[in-house]
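> data08.cif is reproduced below (mmCIF, C-alpha atoms).
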```cif
data_final
loop_
_atom_site.group_PDB
_atom_site.id
_atom_site.type_symbol
_atom_site.label_atom_id
_atom_site.label_comp_id
_atom_site.auth_asym_id
_atom_site.auth_seq_id
_atom_site.Cartn_x
_atom_site.Cartn_y
_atom_site.Cartn_z
ATOM 1 C CA MET D 37 0.000 0.000 0.000
ATOM 2 C CA ASN D 38 1.324 3.424 -0.927
ATOM 3 C CA PHE D 39 0.866 6.222 1.622
ATOM 4 C CA PHE D 40 1.199 9.954 1.217
ATOM 5 C CA SER D 41 2.442 12.107 4.047
ATOM 6 C CA LEU D 42 -0.116 14.472 5.529
ATOM 7 C CA ASN D 43 1.032 17.777 6.994
ATOM 8 C CA SER D 44 -0.649 20.845 8.447
ATOM 9 C CA SER D 45 -1.510 22.181 4.969
ATOM 10 C CA PHE D 46 -3.731 19.259 3.987
ATOM 11 C CA LYS D 47 -6.555 21.414 2.590
ATOM 12 C CA GLY D 48 -5.230 21.086 -0.942
ATOM 13 C CA ALA D 49 -5.005 17.286 -0.889
ATOM 14 C CA LYS D 50 -7.495 15.313 -2.942
ATOM 15 C CA GLY D 51 -7.870 12.230 -0.774
ATOM 16 C CA ALA D 52 -6.006 8.967 -1.079
ATOM 17 C CA LYS D 53 -6.342 8.295 -4.803
ATOM 18 C CA GLY D 54 -5.626 11.906 -5.772
ATOM 19 C CA ALA D 55 -2.283 12.090 -4.005
ATOM 20 C CA LYS D 56 0.039 10.729 -6.700
ATOM 21 C CA GLY D 57 -1.467 7.250 -6.639
ATOM 22 C CA ALA D 58 -1.280 6.865 -2.862
ATOM 23 C CA GLU D 59 -3.838 4.647 -1.165
ATOM 24 C CA GLY D 60 -3.601 6.050 2.349
ATOM 25 C CA ALA D 61 -2.250 8.851 4.513
ATOM 26 C CA GLU D 62 0.314 9.025 7.269
ATOM 27 C CA GLY D 63 0.839 11.742 9.832
ATOM 28 C CA VAL D 64 -2.828 12.080 10.843
ATOM 29 C CA GLU D 65 -2.807 14.036 14.100
ATOM 30 C CA THR D 66 -6.284 15.569 14.459
ATOM 31 C CA GLU D 67 -9.926 14.550 14.109
ATOM 32 C CA LYS D 68 -10.260 17.333 11.520
ATOM 33 C CA GLN D 69 -7.597 15.692 9.341
ATOM 34 C CA LYS D 70 -9.204 12.252 9.754
ATOM 35 C CA ASP D 71 -12.636 13.647 8.847
ATOM 36 C CA PHE D 72 -11.197 15.370 5.764
ATOM 37 C CA LEU D 73 -9.651 12.100 4.601
ATOM 38 C CA LEU D 74 -12.866 10.149 5.154
ATOM 39 C CA GLU D 75 -14.848 12.773 3.223
ATOM 40 C CA ASN D 76 -12.392 12.304 0.344
ATOM 41 C CA HIS D 77 -12.721 8.525 0.317
ATOM 42 C CA CYS D 78 -9.460 7.749 2.120
ATOM 43 C CA THR D 79 -10.030 4.923 4.596
ATOM 44 C CA HIS D 80 -6.428 3.915 5.395
ATOM 45 C CA PHE D 81 -4.389 6.200 7.600
ATOM 46 C CA GLN D 82 -1.990 6.265 10.510
ATOM 47 C CA GLY D 83 -0.525 8.827 12.868
ATOM 48 C CA TYR D 84 -0.411 10.192 16.397
ATOM 49 C CA LEU D 85 -4.202 10.410 16.521
ATOM 50 C CA PHE D 86 -4.300 6.613 16.684
ATOM 51 C CA GLY D 87 -1.125 5.839 18.596
ATOM 52 C CA LYS D 88 2.264 7.196 19.469
ATOM 53 C CA PRO D 89 5.507 5.401 18.543
ATOM 54 C CA MET D 90 6.467 2.787 21.130
ATOM 55 C CA ARG D 91 9.031 0.106 21.801
ATOM 56 C CA ILE D 92 8.207 -3.352 20.444
ATOM 57 C CA ASP D 93 7.679 -4.821 23.927
ATOM 58 C CA GLU D 94 5.138 -2.081 24.715
ATOM 59 C CA PHE D 95 3.395 -2.747 21.393
ATOM 60 C CA GLU D 96 3.188 -6.486 22.066
ATOM 61 C CA THR D 97 1.778 -5.841 25.554
ATOM 62 C CA SER D 98 -0.839 -3.444 24.165
ATOM 63 C CA LEU D 99 -1.887 -6.066 21.604
ATOM 64 C CA LYS D 100 -2.264 -8.731 24.294
ATOM 65 C CA ASN D 101 -4.260 -6.378 26.526
ATOM 66 C CA ASN D 102 -6.654 -5.402 23.728
ATOM 67 C CA LEU D 103 -7.545 -8.855 22.444
#
```
Using structure tokens, write down the structure that the file contains.

Amino acid sequence: MNFFSLNSSFKGAKGAKGAKGAEGAEGVETEKQKDFLLENHCTHFQGYLFGKPMRIDEFETSLKNNL
């Protein structure tokens, strides 16, 4: 999957398919950015809004705790 990087000036983006063939977005930090992407048919994204970077052992523990 190809991702495009989302920054604070995302107003000009045209959703996932319009961003040079990308299929998703990275760097999503706010609900406003997520809503914009959803409105423009982008359903794959990642960023601080969903989780902060963490060590692998912390990630594995969070997976176990959320199953």
> Report the distance between atom CA of Asn101 of chain D and atom CA of Val64 of chain D in Å, rounded to one decimal place.
24.3 Å
> Near segment 86-90 of chain D, counting only C-alpha atoms, which residues have an atom at most 12 Å away, once you skip same-chain residues fewer than 2 positions from it, shown as a ChimeraX atom specification?
/D:62-67,70,80-84,92-98
> Can you measure atom CA of His77 of chain D to atom CA of Glu59 of chain D for me? One decimal in Å is fine.
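Answer for the atom CA of His77 of chain D to atom CA of Glu59 of chain D separation: 9.8 Å.
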